[in-house]
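Undergrad: File follows, work_20.pdb with PDB, C-alpha atoms:
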ATOM      1  CA  MET F   8    -136.167  74.918  77.310
ATOM      2  CA  ALA F   9    -137.922  74.312  73.983
ATOM      3  CA  ASP F  10    -139.640  70.958  73.352
ATOM      4  CA  LEU F  11    -138.011  68.469  70.966
ATOM      5  CA  ILE F  12    -139.963  67.591  67.834
ATOM      6  CA  LEU F  13    -140.837  63.880  67.883
ATOM      7  CA  ASP F  14    -141.829  61.505  65.091
ATOM      8  CA  GLU F  15    -144.782  59.084  65.196
ATOM      9  CA  GLY F  16    -142.712  56.574  67.172
ATOM     10  CA  GLY F  17    -141.868  59.115  69.849
ATOM     11  CA  ASN F  18    -138.230  59.530  68.725
ATOM     12  CA  ALA F  19    -136.561  62.906  68.434
ATOM     13  CA  ILE F  20    -136.136  64.259  64.892
ATOM     14  CA  LEU F  21    -132.470  65.020  64.273
ATOM     15  CA  ASP F  22    -130.935  67.631  61.989
ATOM     16  CA  GLU F  23    -127.929  67.059  59.715
ATOM     17  CA  ALA F  24    -125.528  67.564  62.631
ATOM     18  CA  GLY F  25    -127.284  64.889  64.683
ATOM     19  CA  ALA F  26    -128.822  67.356  67.150
ATOM     20  CA  GLY F  27    -132.464  67.257  68.157
ATOM     21  CA  ILE F  28    -134.752  69.736  66.382
ATOM     22  CA  THR F  29    -136.767  71.889  68.762
ATOM     23  CA  SER F  30    -140.004  73.762  68.133
ATOM     24  CA  GLU F  31    -138.080  76.947  68.861
ATOM     25  CA  ALA F  32    -135.564  76.199  66.090
ATOM     26  CA  LEU F  33    -138.347  75.476  63.634
ATOM     27  CA  ASP F  34    -139.947  78.829  64.375
ATOM     28  CA  ALA F  35    -136.658  80.726  63.840
ATOM     29  CA  PRO F  36    -136.171  81.976  60.253
ATOM     30  CA  ASP F  37    -133.097  80.747  58.415
ATOM     31  CA  ALA F  38    -130.604  83.489  57.433
ATOM     32  CA  GLY F  39    -130.402  81.966  53.963
ATOM     33  CA  ASP F  40    -134.172  81.868  53.306
ATOM     34  CA  THR F  41    -135.251  83.871  50.288
ATOM     35  CA  LEU F  42    -138.600  84.630  51.973
ATOM     36  CA  PRO F  43    -137.792  85.050  55.688
ATOM     37  CA  ALA F  44    -141.190  86.637  56.447
ATOM     38  CA  MET F  45    -143.105  83.460  55.541
ATOM     39  CA  LEU F  46    -141.907  80.028  56.640
ATOM     40  CA  HIS F  47    -143.585  76.923  55.238
ATOM     41  CA  ARG F  48    -144.964  76.132  58.687
ATOM     42  CA  GLU F  49    -146.923  79.387  58.604
ATOM     43  CA  ALA F  50    -148.061  78.729  55.047
ATOM     44  CA  ILE F  51    -149.410  75.291  56.013
ATOM     45  CA  GLU F  52    -151.295  76.801  58.948
ATOM     46  CA  GLN F  53    -152.963  79.318  56.647
ATOM     47  CA  LEU F  54    -153.989  76.566  54.211
ATOM     48  CA  MET F  55    -155.929  74.704  56.904
ATOM     49  CA  PRO F  56    -159.716  75.041  56.340
ATOM     50  CA  VAL F  57    -160.261  75.384  60.072
ATOM     51  CA  LYS F  58    -157.982  76.419  62.910
ATOM     52  CA  LEU F  59    -156.726  73.307  64.685
ATOM     53  CA  ALA F  60    -155.043  73.123  68.062
ATOM     54  CA  GLY F  61    -153.205  70.529  70.073
ATOM     55  CA  THR F  62    -149.649  69.329  70.516
ATOM     56  CA  VAL F  63    -149.860  66.565  67.887
ATOM     57  CA  HIS F  64    -151.147  68.934  65.203
ATOM     58  CA  GLU F  65    -148.593  71.624  66.030
ATOM     59  CA  ARG F  66    -145.718  69.143  65.863
ATOM     60  CA  ASP F  67    -146.951  67.646  62.588
ATOM     61  CA  VAL F  68    -147.174  71.069  60.977
ATOM     62  CA  ALA F  69    -143.781  72.074  62.404
ATOM     63  CA  LEU F  70    -142.124  68.932  61.043
ATOM     64  CA  GLU F  71    -143.689  69.268  57.592
ATOM     65  CA  GLY F  72    -142.729  72.927  57.478
ATOM     66  CA  TYR F  73    -139.149  72.114  58.463
ATOM     67  CA  HIS F  74    -138.749  69.604  55.629
ATOM     68  CA  LEU F  75    -140.284  72.002  53.107
ATOM     69  CA  ASP F  76    -137.854  74.712  54.270
ATOM     70  CA  THR F  77    -134.986  72.244  53.749
ATOM     71  CA  VAL F  78    -136.185  71.441  50.225
ATOM     72  CA  ALA F  79    -136.446  75.148  49.401
ATOM     73  CA  ALA F  80    -132.879  75.705  50.599
ATOM     74  CA  SER F  81    -131.704  72.756  48.469
ATOM     75  CA  ALA F  82    -133.405  74.323  45.440
ATOM     76  CA  ASP F  83    -131.430  77.527  46.008
ATOM     77  CA  ASP F  84    -128.239  75.457  46.158
ATOM     78  CA  MET F  85    -129.096  73.784  42.854
ATOM     79  CA  VAL F  86    -129.358  77.196  41.189
ATOM     80  CA  ALA F  87    -125.829  78.006  42.379
ATOM     81  CA  ASN F  88    -124.580  74.626  41.123
ATOM     82  CA  ALA F  89    -125.917  75.357  37.654
ATOM     83  CA  PHE F  90    -123.022  77.787  37.090
ATOM     84  CA  ALA F  91    -119.334  76.886  36.961
ATOM     85  CA  ASP F  92    -118.209  79.885  39.031
ATOM     86  CA  THR F  93    -120.553  79.157  41.971
ATOM     87  CA  ALA F  94    -120.814  75.341  41.882
ATOM     88  CA  ALA F  95    -120.057  73.351  45.027
ATOM     89  CA  ALA F  96    -121.913  70.028  45.239
ATOM     90  CA  LEU F  97    -121.776  69.601  41.442
ATOM     91  CA  LEU F  98    -118.239  70.931  41.040
ATOM     92  CA  VAL F  99    -116.928  67.423  40.355
ATOM     93  CA  ASP F 100    -119.450  67.039  37.538
ATOM     94  CA  TRP F 101    -118.343  70.329  35.991
ATOM     95  CA  GLU F 102    -114.732  69.139  36.068
ATOM     96  CA  ARG F 103    -115.709  65.793  34.542
ATOM     97  CA  VAL F 104    -117.584  67.454  31.674
ATOM     98  CA  LEU F 105    -114.744  69.922  31.045
ATOM     99  CA  GLY F 106    -112.059  67.238  31.281
ATOM    100  CA  LEU F 107    -110.264  68.840  34.230
ATOM    101  CA  ARG F 108    -108.237  67.016  36.879
ATOM    102  CA  PRO F 109    -107.607  69.438  39.747
ATOM    103  CA  ALA F 110    -104.498  69.099  41.869
ATOM    104  CA  PRO F 111    -105.068  67.510  45.298
ATOM    105  CA  ALA F 112    -104.205  70.811  47.000
ATOM    106  CA  ALA F 113    -106.462  72.939  44.756
ATOM    107  CA  THR F 114    -108.931  75.064  46.728
ATOM    108  CA  LEU F 115    -112.597  75.569  45.909
ATOM    109  CA  VAL F 116    -111.828  79.021  44.481
ATOM    110  CA  ASP F 117    -109.023  77.612  42.310
ATOM    111  CA  ARG F 118    -111.223  74.836  40.940
ATOM    112  CA  ARG F 119    -114.019  77.244  40.075
ATOM    113  CA  ALA F 120    -111.557  79.560  38.326
ATOM    114  CA  ALA F 121    -110.169  76.636  36.309
ATOM    115  CA  ASN F 122    -113.686  75.717  35.193
ATOM    116  CA  VAL F 123    -114.424  79.256  34.031
ATOM    117  CA  ALA F 124    -111.090  79.479  32.213
ATOM    118  CA  LYS F 125    -111.737  76.201  30.388
ATOM    119  CA  ILE F 126    -115.189  77.348  29.291
ATOM    120  CA  ARG F 127    -113.783  80.622  27.944
ATOM    121  CA  ALA F 128    -110.917  78.916  26.125
ATOM    122  CA  ARG F 129    -111.469  78.763  22.365
ATOM    123  CA  GLY F 130    -108.260  76.932  21.482
ATOM    124  CA  GLY F 131    -104.868  77.960  20.169
ATOM    125  CA  LEU F 132    -101.181  77.042  20.236
ATOM    126  CA  SER F 133     -99.448  80.405  19.987
ATOM    127  CA  ARG F 134     -97.831  82.193  22.898
ATOM    128  CA  ARG F 135    -100.013  85.218  22.182
ATOM    129  CA  TYR F 136    -103.125  83.089  22.687
ATOM    130  CA  PHE F 137    -101.998  82.019  26.168
ATOM    131  CA  ILE F 138    -101.024  85.578  27.100
ATOM    132  CA  GLU F 139    -104.498  86.813  26.148
ATOM    133  CA  LEU F 140    -106.146  83.890  27.930
ATOM    134  CA  ALA F 141    -104.214  84.702  31.109
ATOM    135  CA  ALA F 142    -105.188  88.379  30.764
ATOM    136  CA  GLY F 143    -108.827  87.297  30.750
ATOM    137  CA  MET F 144    -108.215  85.727  34.164
ATOM    138  CA  GLY F 145    -106.604  88.912  35.483
ATOM    139  CA  PHE F 146    -102.934  87.883  35.050
ATOM    140  CA  THR F 147    -100.156  89.642  33.166
ATOM    141  CA  ILE F 148     -97.629  87.134  31.851
ATOM    142  CA  GLU F 149     -94.787  86.796  29.374
ATOM    143  CA  ILE F 150     -93.850  83.523  27.683
ATOM    144  CA  TYR F 151     -90.271  82.817  26.635
ATOM    145  CA  GLU F 152     -89.517  79.945  24.296
ATOM    146  CA  GLU F 153     -86.341  78.155  25.297
ATOM    147  CA  PRO F 154     -84.415  75.262  23.703
ATOM    148  CA  ASP F 155     -85.809  71.726  23.720
ATOM    149  CA  TRP F 156     -89.414  72.877  23.355
ATOM    150  CA  THR F 157     -89.516  74.532  26.754
ATOM    151  CA  TRP F 158     -91.713  77.470  27.708
ATOM    152  CA  ARG F 159     -90.962  79.711  30.667
ATOM    153  CA  VAL F 160     -94.107  81.487  31.773
ATOM    154  CA  HIS F 161     -93.112  84.604  33.707
ATOM    155  CA  VAL F 162     -95.974  86.010  35.810
ATOM    156  CA  LEU F 163     -95.620  89.782  36.102
ATOM    157  CA  SER F 164     -98.786  90.519  38.069
ATOM    158  CA  SER F 165    -101.438  88.387  39.667
ATOM    159  CA  PRO F 166    -104.635  89.279  41.536
ATOM    160  CA  ASP F 167    -104.536  86.018  43.483
ATOM    161  CA  PHE F 168    -100.876  85.490  44.330
ATOM    162  CA  LEU F 169    -101.877  85.558  47.999
ATOM    163  CA  ASN F 170    -104.957  83.376  48.414
ATOM    164  CA  TYR F 171    -106.785  84.079  51.672
ATOM    165  CA  PHE F 172    -109.486  81.846  53.148
ATOM    166  CA  ARG F 173    -112.819  83.577  52.525
ATOM    167  CA  ALA F 174    -116.121  82.642  54.130
ATOM    168  CA  GLY F 175    -118.639  81.679  51.469
ATOM    169  CA  GLU F 176    -115.944  81.006  48.850
ATOM    170  CA  SER F 177    -113.514  78.641  50.583
ATOM    171  CA  CYS F 178    -114.375  75.329  52.192
ATOM    172  CA  ALA F 179    -113.110  73.003  54.913
ATOM    173  CA  GLY F 180    -109.577  71.824  54.176
ATOM    174  CA  ASP F 181    -108.461  75.004  52.378
ATOM    175  CA  TYR F 182    -105.450  76.861  53.770
ATOM    176  CA  LEU F 183    -106.023  80.123  55.634
ATOM    177  CA  LEU F 184    -103.301  81.605  53.401
ATOM    178  CA  ASP F 185    -101.847  80.029  50.285
ATOM    179  CA  PHE F 186     -99.281  81.230  47.763
ATOM    180  CA  GLY F 187     -99.084  80.892  43.998
ATOM    181  CA  THR F 188    -101.492  80.836  41.077
ATOM    182  CA  PRO F 189    -102.636  77.225  40.700
ATOM    183  CA  ALA F 190    -105.636  78.141  38.512
ATOM    184  CA  LEU F 191    -103.374  79.817  35.941
ATOM    185  CA  GLU F 192    -100.720  77.106  36.074
ATOM    186  CA  GLU F 193    -103.222  74.267  35.703
ATOM    187  CA  MET F 194    -104.952  76.037  32.807
ATOM    188  CA  ILE F 195    -101.728  76.554  30.838
ATOM    189  CA  VAL F 196    -100.411  73.052  31.536
ATOM    190  CA  ASP F 197    -103.734  71.562  30.466
ATOM    191  CA  LEU F 198    -103.980  73.533  27.183
ATOM    192  CA  LYS F 199    -100.311  73.822  26.160
ATOM    193  CA  PRO F 200     -98.978  72.095  23.005
ATOM    194  CA  ALA F 201     -98.372  68.440  23.823
ATOM    195  CA  HIS F 202     -94.691  68.514  22.838
ATOM    196  CA  THR F 203     -93.748  71.405  25.145
ATOM    197  CA  PHE F 204     -92.556  71.523  28.762
ATOM    198  CA  VAL F 205     -93.753  74.483  30.848
ATOM    199  CA  TYR F 206     -92.394  75.964  34.044
ATOM    200  CA  PHE F 207     -93.303  79.170  35.852
ATOM    201  CA  SER F 208     -91.437  82.098  37.375
ATOM    202  CA  TYR F 209     -92.756  85.102  39.243
ATOM    203  CA  ALA F 210     -91.697  88.749  39.263
TER     204      ALA F 210
END
Using structure tokens, write down the structure from this file.

TA:
Amino acid sequence: MADLILDEGGNAILDEAGAGITSEALDAPDAGDTLPAMLHREAIEQLMPVKLAGTVHERDVALEGYHLDTVAASADDMVANAFADTAAALLVDWERVLGLRPAPAATLVDRRAANVAKIRARGGLSRRYFIELAAGMGFTIEIYEEPDWTWRVHVLSSPDFLNYFRAGESCAGDYLLDFGTPALEEMIVDLKPAHTFVYFSYA
């Protein structure tokens, strides 16, 4: 069994899940590392002017390397959060800047799609504008103007009518299978003329 990494007080160092970090786990490369051939622990060892030995030194280097690996992984996450279509931790900030209020049941994929749609939107009040905006999201729709300022948005084709849970795109709390096109509906409701009422039908 691998030894637990201890701090200066002799307590076990815990990871984010609350489990003890072992020397074996620190040696194992992370699947998400951009440079799996060189961990920070190895880099620190090579920077030492002389080769040191001993349990205390090895554990110090292992712990420092582990934290540097964690920081590097966080930096990769920040790059993903810099873009609306891949944001996760900063998704709420994207929605705040864009003035979006996602529905409580909206999935991670839906919220990202709504962000991208809002960024691409240039503004307009005509039905043609909304038809072209939906086409940019991969939807084919028709809009019928009915009495009392009512629009019926008829969705003819949709790439995401069946929304499956996907590893790497979905997150905890999302349904394994969901129906409908919440990204399209939220986008049209958010940008529609203020005096109109919109409802949706599907082919």

Undergrad: For the provided coordinates, the residues matched by the PyMOL selection byres ((chain F and resi 76) around 9) should be stated as a ChimeraX atom specification.

TA: /F:37,40,46-48,71-75,77-81

Undergrad: Please, what distance in Å, to one decimal, runs between atom CA of F:Val162 and atom CA of F:Lys199?

TA: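 Here the two named atoms are 16.1 Å from each other.
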
Undergrad: Tell me which of F:Glu102, F:Glu139, F:Asp84, F:Asp197 sits closest to F:Arg118, counting all atoms listed in the file.

TA: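 Using all atoms listed in the file, F:Arg118 sits closest to F:Glu102.
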
Undergrad: Given the PyMOL selection byres ((chain F and resi 130) around 12) and the file above, list the residues it selects as a ChimeraX atom specification.

TA: /F:124-129,131-137,139-140,194-195,197-200

Undergrad: Got a sec: who's within 8 Å of stretch 149-159 of chain F, counting all atoms listed in the file, leaving out chain neighbours fewer than 3 positions off, as a list in words?

TA: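 Close residues of stretch 149-159 of chain F: Arg134, Ile138, Val162, Leu163, His202, Thr203, Phe204, Val205, Tyr206, Phe207 and Ser208 of chain F.
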
Undergrad: Let's have the selection written as a PDB file, in the coordinates of the input, with C-alpha atoms.

TA:
ATOM      1  CA  ARG F 134     -97.831  82.193  22.898  1.00  0.00           C
ATOM      2  CA  ILE F 138    -101.024  85.578  27.100  1.00  0.00           C
ATOM      3  CA  VAL F 162     -95.974  86.010  35.810  1.00  0.00           C
ATOM      4  CA  LEU F 163     -95.620  89.782  36.102  1.00  0.00           C
ATOM      5  CA  HIS F 202     -94.691  68.514  22.838  1.00  0.00           C
ATOM      6  CA  THR F 203     -93.748  71.405  25.145  1.00  0.00           C
ATOM      7  CA  PHE F 204     -92.556  71.523  28.762  1.00  0.00           C
ATOM      8  CA  VAL F 205     -93.753  74.483  30.848  1.00  0.00           C
ATOM      9  CA  TYR F 206     -92.394  75.964  34.044  1.00  0.00           C
ATOM     10  CA  PHE F 207     -93.303  79.170  35.852  1.00  0.00           C
ATOM     11  CA  SER F 208     -91.437  82.098  37.375  1.00  0.00           C
TER      12      SER F 208
END

Undergrad: Taking 2 positions as the minimum chain separation for residues in the same chain, which residues sit within 7 Å of F:Thr147 when counting all atoms listed in the file? Answer as a ChimeraX atom specification.

TA: /F:141-142,145,162-165

Undergrad: Could you state the separation of atom CA of F:Glu192 and atom CA of F:Met85 in Å, given to one decimal place?

TA: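 Rounded to one decimal, the two atoms are 29.4 Å apart.
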
Undergrad: Output as a PDB file, keeping the file's coordinate frame: stretch 82-118 of chain F, completed with N, CA and C atoms.

TA:
ATOM      1  N   ALA F  82    -133.125  73.775  46.766  1.00  0.00           N
ATOM      2  CA  ALA F  82    -133.405  74.323  45.440  1.00  0.00           C
ATOM      3  C   ALA F  82    -132.520  75.533  45.161  1.00  0.00           C
ATOM      4  N   ASP F  83    -132.323  76.371  46.178  1.00  0.00           N
ATOM      5  CA  ASP F  83    -131.430  77.527  46.008  1.00  0.00           C
ATOM      6  C   ASP F  83    -130.008  77.063  45.718  1.00  0.00           C
ATOM      7  N   ASP F  84    -129.581  75.990  46.396  1.00  0.00           N
ATOM      8  CA  ASP F  84    -128.239  75.457  46.158  1.00  0.00           C
ATOM      9  C   ASP F  84    -128.101  74.929  44.732  1.00  0.00           C
ATOM     10  N   MET F  85    -129.154  74.316  44.205  1.00  0.00           N
ATOM     11  CA  MET F  85    -129.096  73.784  42.854  1.00  0.00           C
ATOM     12  C   MET F  85    -128.939  74.904  41.826  1.00  0.00           C
ATOM     13  N   VAL F  86    -129.534  76.054  42.094  1.00  0.00           N
ATOM     14  CA  VAL F  86    -129.358  77.196  41.189  1.00  0.00           C
ATOM     15  C   VAL F  86    -127.889  77.610  41.153  1.00  0.00           C
ATOM     16  N   ALA F  87    -127.251  77.648  42.324  1.00  0.00           N
ATOM     17  CA  ALA F  87    -125.829  78.006  42.379  1.00  0.00           C
ATOM     18  C   ALA F  87    -124.979  76.964  41.661  1.00  0.00           C
ATOM     19  N   ASN F  88    -125.354  75.693  41.756  1.00  0.00           N
ATOM     20  CA  ASN F  88    -124.580  74.626  41.123  1.00  0.00           C
ATOM     21  C   ASN F  88    -124.759  74.570  39.614  1.00  0.00           C
ATOM     22  N   ALA F  89    -125.706  75.331  39.098  1.00  0.00           N
ATOM     23  CA  ALA F  89    -125.917  75.357  37.654  1.00  0.00           C
ATOM     24  C   ALA F  89    -124.865  76.191  36.934  1.00  0.00           C
ATOM     25  N   PHE F  90    -124.032  76.920  37.682  1.00  0.00           N
ATOM     26  CA  PHE F  90    -123.022  77.787  37.090  1.00  0.00           C
ATOM     27  C   PHE F  90    -121.638  77.370  37.573  1.00  0.00           C
ATOM     28  N   ALA F  91    -120.679  77.383  36.651  1.00  0.00           N
ATOM     29  CA  ALA F  91    -119.334  76.886  36.961  1.00  0.00           C
ATOM     30  C   ALA F  91    -118.622  77.724  38.014  1.00  0.00           C
ATOM     31  N   ASP F  92    -118.924  79.014  38.093  1.00  0.00           N
ATOM     32  CA  ASP F  92    -118.209  79.885  39.031  1.00  0.00           C
ATOM     33  C   ASP F  92    -118.811  79.899  40.432  1.00  0.00           C
ATOM     34  N   THR F  93    -119.951  79.219  40.632  1.00  0.00           N
ATOM     35  CA  THR F  93    -120.553  79.157  41.971  1.00  0.00           C
ATOM     36  C   THR F  93    -120.855  77.722  42.398  1.00  0.00           C
ATOM     37  N   ALA F  94    -120.497  76.747  41.579  1.00  0.00           N
ATOM     38  CA  ALA F  94    -120.814  75.341  41.882  1.00  0.00           C
ATOM     39  C   ALA F  94    -120.063  74.858  43.118  1.00  0.00           C
ATOM     40  N   ALA F  95    -120.689  73.979  43.858  1.00  0.00           N
ATOM     41  CA  ALA F  95    -120.057  73.351  45.027  1.00  0.00           C
ATOM     42  C   ALA F  95    -120.323  71.851  44.996  1.00  0.00           C
ATOM     43  N   ALA F  96    -121.582  71.459  45.227  1.00  0.00           N
ATOM     44  CA  ALA F  96    -121.913  70.028  45.239  1.00  0.00           C
ATOM     45  C   ALA F  96    -121.701  69.382  43.872  1.00  0.00           C
ATOM     46  N   LEU F  97    -121.928  70.133  42.801  1.00  0.00           N
ATOM     47  CA  LEU F  97    -121.776  69.601  41.442  1.00  0.00           C
ATOM     48  C   LEU F  97    -120.464  70.023  40.793  1.00  0.00           C
ATOM     49  N   LEU F  98    -119.525  70.496  41.596  1.00  0.00           N
ATOM     50  CA  LEU F  98    -118.239  70.931  41.040  1.00  0.00           C
ATOM     51  C   LEU F  98    -117.510  69.777  40.361  1.00  0.00           C
ATOM     52  N   VAL F  99    -117.580  68.600  40.944  1.00  0.00           N
ATOM     53  CA  VAL F  99    -116.928  67.423  40.355  1.00  0.00           C
ATOM     54  C   VAL F  99    -117.516  67.115  38.979  1.00  0.00           C
ATOM     55  N   ASP F 100    -118.814  67.300  38.830  1.00  0.00           N
ATOM     56  CA  ASP F 100    -119.450  67.039  37.538  1.00  0.00           C
ATOM     57  C   ASP F 100    -119.015  68.065  36.496  1.00  0.00           C
ATOM     58  N   TRP F 101    -118.871  69.318  36.907  1.00  0.00           N
ATOM     59  CA  TRP F 101    -118.343  70.329  35.991  1.00  0.00           C
ATOM     60  C   TRP F 101    -116.950  69.942  35.508  1.00  0.00           C
ATOM     61  N   GLU F 102    -116.101  69.520  36.429  1.00  0.00           N
ATOM     62  CA  GLU F 102    -114.732  69.139  36.068  1.00  0.00           C
ATOM     63  C   GLU F 102    -114.722  67.910  35.154  1.00  0.00           C
ATOM     64  N   ARG F 103    -115.634  66.982  35.399  1.00  0.00           N
ATOM     65  CA  ARG F 103    -115.709  65.793  34.542  1.00  0.00           C
ATOM     66  C   ARG F 103    -116.117  66.184  33.116  1.00  0.00           C
ATOM     67  N   VAL F 104    -117.113  67.034  32.994  1.00  0.00           N
ATOM     68  CA  VAL F 104    -117.584  67.454  31.674  1.00  0.00           C
ATOM     69  C   VAL F 104    -116.507  68.245  30.935  1.00  0.00           C
ATOM     70  N   LEU F 105    -115.771  69.073  31.661  1.00  0.00           N
ATOM     71  CA  LEU F 105    -114.744  69.922  31.045  1.00  0.00           C
ATOM     72  C   LEU F 105    -113.406  69.209  30.884  1.00  0.00           C
ATOM     73  N   GLY F 106    -113.301  67.991  31.413  1.00  0.00           N
ATOM     74  CA  GLY F 106    -112.059  67.238  31.281  1.00  0.00           C
ATOM     75  C   GLY F 106    -110.941  67.760  32.153  1.00  0.00           C
ATOM     76  N   LEU F 107    -111.275  68.285  33.328  1.00  0.00           N
ATOM     77  CA  LEU F 107    -110.264  68.840  34.230  1.00  0.00           C
ATOM     78  C   LEU F 107    -109.945  67.855  35.345  1.00  0.00           C
ATOM     79  N   ARG F 108    -108.686  67.822  35.750  1.00  0.00           N
ATOM     80  CA  ARG F 108    -108.237  67.016  36.879  1.00  0.00           C
ATOM     81  C   ARG F 108    -107.513  67.924  37.853  1.00  0.00           C
ATOM     82  N   PRO F 109    -108.226  68.491  38.826  1.00  0.00           N
ATOM     83  CA  PRO F 109    -107.607  69.438  39.747  1.00  0.00           C
ATOM     84  C   PRO F 109    -106.535  68.790  40.606  1.00  0.00           C
ATOM     85  N   ALA F 110    -105.551  69.585  40.972  1.00  0.00           N
ATOM     86  CA  ALA F 110    -104.498  69.099  41.869  1.00  0.00           C
ATOM     87  C   ALA F 110    -105.099  68.797  43.238  1.00  0.00           C
ATOM     88  N   PRO F 111    -104.527  67.848  43.973  1.00  0.00           N
ATOM     89  CA  PRO F 111    -105.068  67.510  45.298  1.00  0.00           C
ATOM     90  C   PRO F 111    -105.148  68.708  46.240  1.00  0.00           C
ATOM     91  N   ALA F 112    -104.228  69.662  46.099  1.00  0.00           N
ATOM     92  CA  ALA F 112    -104.205  70.811  47.000  1.00  0.00           C
ATOM     93  C   ALA F 112    -105.033  71.981  46.479  1.00  0.00           C
ATOM     94  N   ALA F 113    -105.691  71.838  45.334  1.00  0.00           N
ATOM     95  CA  ALA F 113    -106.462  72.939  44.756  1.00  0.00           C
ATOM     96  C   ALA F 113    -107.631  73.304  45.667  1.00  0.00           C
ATOM     97  N   THR F 114    -107.835  74.593  45.891  1.00  0.00           N
ATOM     98  CA  THR F 114    -108.931  75.064  46.728  1.00  0.00           C
ATOM     99  C   THR F 114    -110.212  75.173  45.906  1.00  0.00           C
ATOM    100  N   LEU F 115    -111.309  75.408  46.587  1.00  0.00           N
ATOM    101  CA  LEU F 115    -112.597  75.569  45.909  1.00  0.00           C
ATOM    102  C   LEU F 115    -112.548  76.739  44.934  1.00  0.00           C
ATOM    103  N   VAL F 116    -111.936  77.842  45.348  1.00  0.00           N
ATOM    104  CA  VAL F 116    -111.828  79.021  44.481  1.00  0.00           C
ATOM    105  C   VAL F 116    -110.991  78.705  43.250  1.00  0.00           C
ATOM    106  N   ASP F 117    -109.886  77.982  43.435  1.00  0.00           N
ATOM    107  CA  ASP F 117    -109.023  77.612  42.310  1.00  0.00           C
ATOM    108  C   ASP F 117    -109.764  76.723  41.315  1.00  0.00           C
ATOM    109  N   ARG F 118    -110.512  75.767  41.819  1.00  0.00           N
ATOM    110  CA  ARG F 118    -111.223  74.836  40.940  1.00  0.00           C
ATOM    111  C   ARG F 118    -112.313  75.540  40.155  1.00  0.00           C
TER     112      ARG F 118
END
